[in-house]
>>> print(open('model.pdb').read())   # PDB, C-alpha atoms
MODEL        1
ATOM      1  CA  MET N  11    -146.375 -33.110 -49.383  1.00  0.00           C
ATOM      2  CA  ILE N  12    -149.330 -34.822 -47.701  1.00  0.00           C
ATOM      3  CA  VAL N  13    -150.195 -33.925 -44.090  1.00  0.00           C
ATOM      4  CA  GLY N  14    -152.865 -35.489 -41.893  1.00  0.00           C
ATOM      5  CA  ARG N  15    -153.648 -34.463 -38.308  1.00  0.00           C
ATOM      6  CA  SER N  16    -155.441 -35.969 -35.337  1.00  0.00           C
ATOM      7  CA  MET N  17    -156.082 -34.405 -31.927  1.00  0.00           C
ATOM      8  CA  HIS N  18    -156.766 -36.036 -28.573  1.00  0.00           C
ATOM      9  CA  GLU N  19    -159.779 -34.189 -27.153  1.00  0.00           C
ATOM     10  CA  GLY N  20    -158.820 -34.772 -23.523  1.00  0.00           C
ATOM     11  CA  TRP N  21    -155.154 -33.844 -23.749  1.00  0.00           C
ATOM     12  CA  LEU N  22    -155.468 -31.463 -26.704  1.00  0.00           C
ATOM     13  CA  SER N  23    -152.300 -33.037 -28.094  1.00  0.00           C
ATOM     14  CA  ASN N  24    -151.769 -33.475 -31.821  1.00  0.00           C
ATOM     15  CA  ALA N  25    -150.345 -36.303 -33.893  1.00  0.00           C
ATOM     16  CA  TYR N  26    -149.554 -36.148 -37.592  1.00  0.00           C
ATOM     17  CA  VAL N  27    -148.732 -38.246 -40.607  1.00  0.00           C
ATOM     18  CA  VAL N  28    -146.560 -36.624 -43.277  1.00  0.00           C
ATOM     19  CA  GLY N  29    -146.135 -38.231 -46.692  1.00  0.00           C
ATOM     20  CA  ASP N  30    -143.917 -37.320 -49.606  1.00  0.00           C
ATOM     21  CA  ALA N  31    -146.448 -38.058 -52.401  1.00  0.00           C
ATOM     22  CA  PRO N  32    -149.352 -40.414 -53.168  1.00  0.00           C
ATOM     23  CA  GLY N  33    -147.977 -43.959 -53.212  1.00  0.00           C
ATOM     24  CA  GLY N  34    -144.815 -42.817 -51.427  1.00  0.00           C
ATOM     25  CA  VAL N  35    -143.438 -42.932 -47.922  1.00  0.00           C
ATOM     26  CA  ALA N  36    -144.695 -41.351 -44.722  1.00  0.00           C
ATOM     27  CA  VAL N  37    -143.646 -40.635 -41.163  1.00  0.00           C
ATOM     28  CA  PHE N  38    -145.836 -40.303 -38.109  1.00  0.00           C
ATOM     29  CA  VAL N  39    -145.126 -37.392 -35.765  1.00  0.00           C
ATOM     30  CA  ASP N  40    -146.078 -38.358 -32.217  1.00  0.00           C
ATOM     31  CA  SER N  41    -148.801 -40.854 -31.392  1.00  0.00           C
ATOM     32  CA  GLY N  42    -150.866 -39.485 -28.519  1.00  0.00           C
ATOM     33  CA  ALA N  43    -153.980 -38.696 -30.554  1.00  0.00           C
ATOM     34  CA  PRO N  44    -156.459 -41.179 -32.074  1.00  0.00           C
ATOM     35  CA  LEU N  45    -154.764 -43.113 -34.863  1.00  0.00           C
ATOM     36  CA  ALA N  46    -157.827 -43.666 -37.074  1.00  0.00           C
ATOM     37  CA  PRO N  47    -157.637 -40.290 -38.886  1.00  0.00           C
ATOM     38  CA  LEU N  48    -153.929 -40.813 -39.579  1.00  0.00           C
ATOM     39  CA  LEU N  49    -154.393 -44.380 -40.778  1.00  0.00           C
ATOM     40  CA  GLU N  50    -157.170 -43.188 -43.108  1.00  0.00           C
ATOM     41  CA  VAL N  51    -154.679 -40.823 -44.773  1.00  0.00           C
ATOM     42  CA  VAL N  52    -152.115 -43.637 -45.043  1.00  0.00           C
ATOM     43  CA  ASP N  53    -154.681 -45.898 -46.733  1.00  0.00           C
ATOM     44  CA  ARG N  54    -156.241 -43.239 -48.969  1.00  0.00           C
ATOM     45  CA  GLU N  55    -152.870 -41.964 -50.223  1.00  0.00           C
ATOM     46  CA  ARG N  56    -151.323 -45.482 -50.378  1.00  0.00           C
ATOM     47  CA  LEU N  57    -148.440 -44.406 -48.137  1.00  0.00           C
ATOM     48  CA  THR N  58    -145.788 -46.668 -46.662  1.00  0.00           C
ATOM     49  CA  PRO N  59    -144.866 -45.518 -43.148  1.00  0.00           C
ATOM     50  CA  THR N  60    -141.145 -45.744 -42.415  1.00  0.00           C
ATOM     51  CA  HIS N  61    -140.664 -44.057 -39.012  1.00  0.00           C
ATOM     52  CA  VAL N  62    -142.332 -42.530 -35.980  1.00  0.00           C
ATOM     53  CA  LEU N  63    -140.883 -39.135 -35.081  1.00  0.00           C
ATOM     54  CA  ARG N  64    -141.088 -38.357 -31.358  1.00  0.00           C
ATOM     55  CA  THR N  65    -141.185 -34.732 -30.206  1.00  0.00           C
ATOM     56  CA  HIS N  66    -140.812 -35.700 -26.522  1.00  0.00           C
ATOM     57  CA  THR N  67    -141.616 -38.536 -24.149  1.00  0.00           C
ATOM     58  CA  HIS N  68    -144.652 -37.203 -22.273  1.00  0.00           C
ATOM     59  CA  PRO N  69    -147.493 -39.781 -22.248  1.00  0.00           C
ATOM     60  CA  ASP N  70    -149.803 -37.602 -24.340  1.00  0.00           C
ATOM     61  CA  HIS N  71    -147.306 -37.798 -27.215  1.00  0.00           C
ATOM     62  CA  VAL N  72    -146.292 -41.478 -27.097  1.00  0.00           C
ATOM     63  CA  GLU N  73    -149.538 -43.278 -26.157  1.00  0.00           C
ATOM     64  CA  HIS N  74    -149.845 -45.341 -29.387  1.00  0.00           C
ATOM     65  CA  GLU N  75    -146.146 -45.500 -30.268  1.00  0.00           C
ATOM     66  CA  ASP N  76    -145.822 -49.249 -29.669  1.00  0.00           C
ATOM     67  CA  GLU N  77    -148.919 -49.911 -31.749  1.00  0.00           C
ATOM     68  CA  LEU N  78    -147.446 -48.030 -34.741  1.00  0.00           C
ATOM     69  CA  ARG N  79    -144.040 -49.671 -34.332  1.00  0.00           C
ATOM     70  CA  GLU N  80    -145.556 -53.158 -34.236  1.00  0.00           C
ATOM     71  CA  ARG N  81    -148.153 -52.599 -36.968  1.00  0.00           C
ATOM     72  CA  PHE N  82    -145.684 -51.207 -39.497  1.00  0.00           C
ATOM     73  CA  GLY N  83    -142.380 -52.591 -38.182  1.00  0.00           C
ATOM     74  CA  ILE N  84    -140.903 -49.094 -37.980  1.00  0.00           C
ATOM     75  CA  PRO N  85    -138.462 -47.433 -35.587  1.00  0.00           C
ATOM     76  CA  VAL N  86    -138.870 -44.343 -33.427  1.00  0.00           C
ATOM     77  CA  VAL N  87    -136.587 -41.430 -34.323  1.00  0.00           C
ATOM     78  CA  THR N  88    -135.782 -38.224 -32.438  1.00  0.00           C
ATOM     79  CA  GLY N  89    -133.152 -36.809 -34.801  1.00  0.00           C
ATOM     80  CA  ASP N  90    -132.515 -35.942 -38.430  1.00  0.00           C
ATOM     81  CA  LEU N  91    -133.836 -38.340 -41.048  1.00  0.00           C
ATOM     82  CA  HIS N  92    -134.013 -38.869 -44.811  1.00  0.00           C
ATOM     83  CA  THR N  93    -136.666 -41.272 -46.081  1.00  0.00           C
ATOM     84  CA  GLY N  94    -138.072 -41.316 -49.602  1.00  0.00           C
ATOM     85  CA  GLY N  95    -138.752 -37.721 -50.609  1.00  0.00           C
ATOM     86  CA  LEU N  96    -138.804 -36.480 -47.008  1.00  0.00           C
ATOM     87  CA  SER N  97    -135.852 -34.702 -45.451  1.00  0.00           C
ATOM     88  CA  VAL N  98    -136.432 -34.160 -41.728  1.00  0.00           C
ATOM     89  CA  LYS N  99    -134.358 -31.830 -39.565  1.00  0.00           C
ATOM     90  CA  ALA N 100    -134.725 -32.082 -35.780  1.00  0.00           C
ATOM     91  CA  ILE N 101    -134.392 -28.890 -33.761  1.00  0.00           C
ATOM     92  CA  SER N 102    -133.764 -29.142 -30.017  1.00  0.00           C
ATOM     93  CA  LEU N 103    -136.441 -27.320 -27.976  1.00  0.00           C
ATOM     94  CA  PRO N 104    -135.804 -27.981 -24.287  1.00  0.00           C
ATOM     95  CA  GLY N 105    -138.192 -26.217 -21.950  1.00  0.00           C
ATOM     96  CA  HIS N 106    -141.563 -27.959 -21.912  1.00  0.00           C
ATOM     97  CA  SER N 107    -139.471 -31.131 -21.610  1.00  0.00           C
ATOM     98  CA  ASP N 108    -135.728 -31.708 -21.505  1.00  0.00           C
ATOM     99  CA  ASP N 109    -135.919 -34.003 -24.550  1.00  0.00           C
ATOM    100  CA  GLY N 110    -138.187 -31.780 -26.683  1.00  0.00           C
ATOM    101  CA  VAL N 111    -137.564 -31.421 -30.410  1.00  0.00           C
ATOM    102  CA  ALA N 112    -139.425 -29.883 -33.338  1.00  0.00           C
ATOM    103  CA  PHE N 113    -139.219 -31.250 -36.845  1.00  0.00           C
ATOM    104  CA  VAL N 114    -138.840 -29.317 -40.087  1.00  0.00           C
ATOM    105  CA  VAL N 115    -139.755 -31.404 -43.125  1.00  0.00           C
ATOM    106  CA  ASN N 116    -138.403 -30.473 -46.568  1.00  0.00           C
ATOM    107  CA  ASP N 117    -137.505 -27.002 -45.253  1.00  0.00           C
ATOM    108  CA  GLU N 118    -141.180 -26.222 -44.436  1.00  0.00           C
TER     109      GLU N 118
ENDMDL
END
>>> encode(input="model.pdb", output="C-alpha cells")
Amino acid sequence: MIVGRSMHEGWLSNAYVVGDAPGGVAVFVDSGAPLAPLLEVVDRERLTPTHVLRTHTHPDHVEHEDELRERFGIPVVTGDLHTGGLSVKAISLPGHSDDGVAFVVNDE
C-alpha cells in the first residue's frame, strides 16, 4: 500500500492519498491540507484516483474537495468502498462531529 500525507499548518488538519500499488488506484482521504504533496505521490506512483473519502464536513477537512472532484471526475464517499486493490471500511465516530467516520483500509 502507498500512503502520502499533507498537513495544513494553520489548522493542523491532515489529508492523505492511499494507493493500492504503483500504477494502480488511489483514494484521497479528506482535502483540507495542501494538495501538492498528495498530487506528487499520485504522479510519482502513476496512481489513478477513484474517490475522495470524507471523514466529516468541517471546513478544514473539505476545503479542496471540489477541486479534486472536478480534476479527477471522482465522487465523495463517506461509507464502505471497494476500488482496485483497496477495501475500505467506514467506522462511525460521532463526537467531534455528528457525521464523523474513520476509515480502515485493507484491514490496516
>>> resolve_selection(input="model.pdb", expression="the PyMOL selection byres ((chain N and resi 11) around 10)", output="list in words")
Ile12, Val13, Val28, Gly29, Asp30, Ala31, Pro32, Ala36, Gly95, Leu96, Val115, Asn116 and Glu118 of chain N
>>> closest_residue(input="model.pdb", among="N:Ala100, N:Leu22, N:Leu57, N:Ala46", to="His71 in chain N", atoms="all atoms listed in the file")
N:Leu22
>>> resolve_selection(input="model.pdb", expression="the PyMOL selection byres ((chain N and resi 40) around 8)", output="tab-separated table (two decimals) with C-alpha atoms, in the coordinates of the input")
chain	number	residue	atom	x	y	z
N	24	ASN	CA	-151.77	-33.48	-31.82
N	25	ALA	CA	-150.34	-36.30	-33.89
N	26	TYR	CA	-149.55	-36.15	-37.59
N	38	PHE	CA	-145.84	-40.30	-38.11
N	39	VAL	CA	-145.13	-37.39	-35.76
N	41	SER	CA	-148.80	-40.85	-31.39
N	42	GLY	CA	-150.87	-39.48	-28.52
N	62	VAL	CA	-142.33	-42.53	-35.98
N	63	LEU	CA	-140.88	-39.14	-35.08
N	64	ARG	CA	-141.09	-38.36	-31.36
N	65	THR	CA	-141.18	-34.73	-30.21
N	71	HIS	CA	-147.31	-37.80	-27.22
N	72	VAL	CA	-146.29	-41.48	-27.10
N	75	GLU	CA	-146.15	-45.50	-30.27
>>> axis_aligned_box(input="model.pdb", around="range 48-52 of chain N", padding_each_side="4 Å", output="lines of an AutoDock Vina configuration file")
center_x = -154.6
center_y = -42.6
center_z = -42.3
size_x = 13.1
size_y = 11.6
size_z = 13.5
>>> atom_distance(input="model.pdb", atom1="CA of Leu45 in chain N", atom2="CA of Glu73 in chain N")
10.2 Å
>>> resolve_selection(input="model.pdb", expression="the PyMOL selection byres ((chain N and resi 82) around 9)", output="PyMOL selection string")
chain N and resi 58-61+77-81+83-84
>>> atom_distance(input="model.pdb", atom1="CA of Glu19 in chain N", atom2="CA of Val87 in chain N")
25.3 Å
>>> atom_distance(input="model.pdb", atom1="CA of Thr93 in chain N", atom2="CA of Val52 in chain N")
15.7 Å
>>> residues_around(input="model.pdb", residues="Leu48 in chain N", least_positions_apart="3", cutoff="6 Å", atoms="all atoms listed in the file", output="ChimeraX atom specification")
/N:14,27,45,51
>>> residues_near_point(input="model.pdb", point="(-155.2, -39.4, -27.5)", cutoff="6 Å", atoms="only C-alpha atoms", output="count of residues only")
4
>>> closest_residue(input="model.pdb", among="N:Val86, N:Ser23, N:His74, N:Thr67", to="Asp108 in chain N", atoms="all atoms listed in the file")
N:Thr67
>>> closest_residue(input="model.pdb", among="N:Gly94, N:Gly89, N:Gly110, N:Pro47", to="Arg15 in chain N", atoms="only C-alpha atoms")
N:Pro47
>>> decode(input="model.pdb", residues="range 22-34 of chain N", atoms="all heavy atoms", output="short mmCIF file (atom, residue, chain, number, x, y, z; two decimals), in the first residue's frame")
data_model
loop_
_atom_site.label_atom_id
_atom_site.label_comp_id
_atom_site.auth_asym_id
_atom_site.auth_seq_id
_atom_site.Cartn_x
_atom_site.Cartn_y
_atom_site.Cartn_z
N LEU N 22 -3.74 22.50 11.30
CA LEU N 22 -3.14 21.25 11.77
C LEU N 22 -4.02 20.05 11.39
O LEU N 22 -4.09 19.06 12.12
CB LEU N 22 -2.87 21.28 13.27
CG LEU N 22 -1.92 22.37 13.74
CD1 LEU N 22 -1.75 22.32 15.25
CD2 LEU N 22 -0.56 22.27 13.05
N SER N 23 -4.71 20.15 10.27
CA SER N 23 -5.51 19.03 9.78
C SER N 23 -4.72 18.29 8.70
O SER N 23 -3.91 18.88 7.99
CB SER N 23 -6.85 19.51 9.22
OG SER N 23 -6.65 20.35 8.12
N ASN N 24 -4.95 17.00 8.62
CA ASN N 24 -4.24 16.14 7.68
C ASN N 24 -5.13 15.73 6.53
O ASN N 24 -6.35 15.61 6.68
CB ASN N 24 -3.75 14.88 8.39
CG ASN N 24 -2.69 15.18 9.41
OD1 ASN N 24 -1.59 15.60 9.06
ND2 ASN N 24 -3.01 15.00 10.68
N ALA N 25 -4.51 15.48 5.40
CA ALA N 25 -5.17 14.87 4.24
C ALA N 25 -4.22 13.80 3.73
O ALA N 25 -2.99 13.91 3.89
CB ALA N 25 -5.45 15.91 3.16
N TYR N 26 -4.77 12.78 3.12
CA TYR N 26 -3.97 11.64 2.69
C TYR N 26 -4.35 11.22 1.28
O TYR N 26 -5.46 11.48 0.82
CB TYR N 26 -4.21 10.43 3.61
CG TYR N 26 -3.85 10.68 5.04
CD1 TYR N 26 -4.78 11.21 5.93
CD2 TYR N 26 -2.58 10.38 5.51
CE1 TYR N 26 -4.45 11.45 7.24
CE2 TYR N 26 -2.24 10.62 6.84
CZ TYR N 26 -3.18 11.15 7.70
OH TYR N 26 -2.85 11.39 9.01
N VAL N 27 -3.43 10.50 0.63
CA VAL N 27 -3.74 9.73 -0.55
C VAL N 27 -3.26 8.31 -0.25
O VAL N 27 -2.17 8.12 0.31
CB VAL N 27 -3.09 10.30 -1.83
CG1 VAL N 27 -1.58 10.29 -1.77
CG2 VAL N 27 -3.59 9.57 -3.07
N VAL N 28 -4.11 7.34 -0.56
CA VAL N 28 -3.79 5.93 -0.31
C VAL N 28 -3.94 5.19 -1.63
O VAL N 28 -5.02 5.23 -2.25
CB VAL N 28 -4.73 5.33 0.76
CG1 VAL N 28 -4.39 3.86 1.01
CG2 VAL N 28 -4.66 6.13 2.06
N GLY N 29 -2.87 4.53 -2.05
CA GLY N 29 -2.90 3.77 -3.30
C GLY N 29 -2.71 2.29 -3.05
O GLY N 29 -2.09 1.89 -2.06
N ASP N 30 -3.21 1.48 -3.98
CA ASP N 30 -3.06 0.03 -3.80
C ASP N 30 -1.69 -0.48 -4.23
O ASP N 30 -1.14 -1.38 -3.62
CB ASP N 30 -4.19 -0.74 -4.48
CG ASP N 30 -4.30 -0.54 -5.98
OD1 ASP N 30 -3.53 0.26 -6.56
OD2 ASP N 30 -5.18 -1.19 -6.58
N ALA N 31 -1.10 0.10 -5.28
CA ALA N 31 0.21 -0.34 -5.78
C ALA N 31 0.63 0.63 -6.87
O ALA N 31 -0.22 1.30 -7.47
CB ALA N 31 0.12 -1.76 -6.36
N PRO N 32 1.93 0.73 -7.17
CA PRO N 32 2.35 1.60 -8.27
C PRO N 32 1.58 1.27 -9.55
O PRO N 32 1.39 0.10 -9.89
CB PRO N 32 3.84 1.28 -8.42
CG PRO N 32 4.26 0.83 -7.06
CD PRO N 32 3.07 0.07 -6.52
N GLY N 33 1.07 2.31 -10.21
CA GLY N 33 0.28 2.12 -11.42
C GLY N 33 -1.16 1.71 -11.16
O GLY N 33 -1.91 1.47 -12.09
N GLY N 34 -1.56 1.68 -9.89
CA GLY N 34 -2.91 1.25 -9.53
C GLY N 34 -3.85 2.39 -9.23
O GLY N 34 -3.70 3.50 -9.74
#
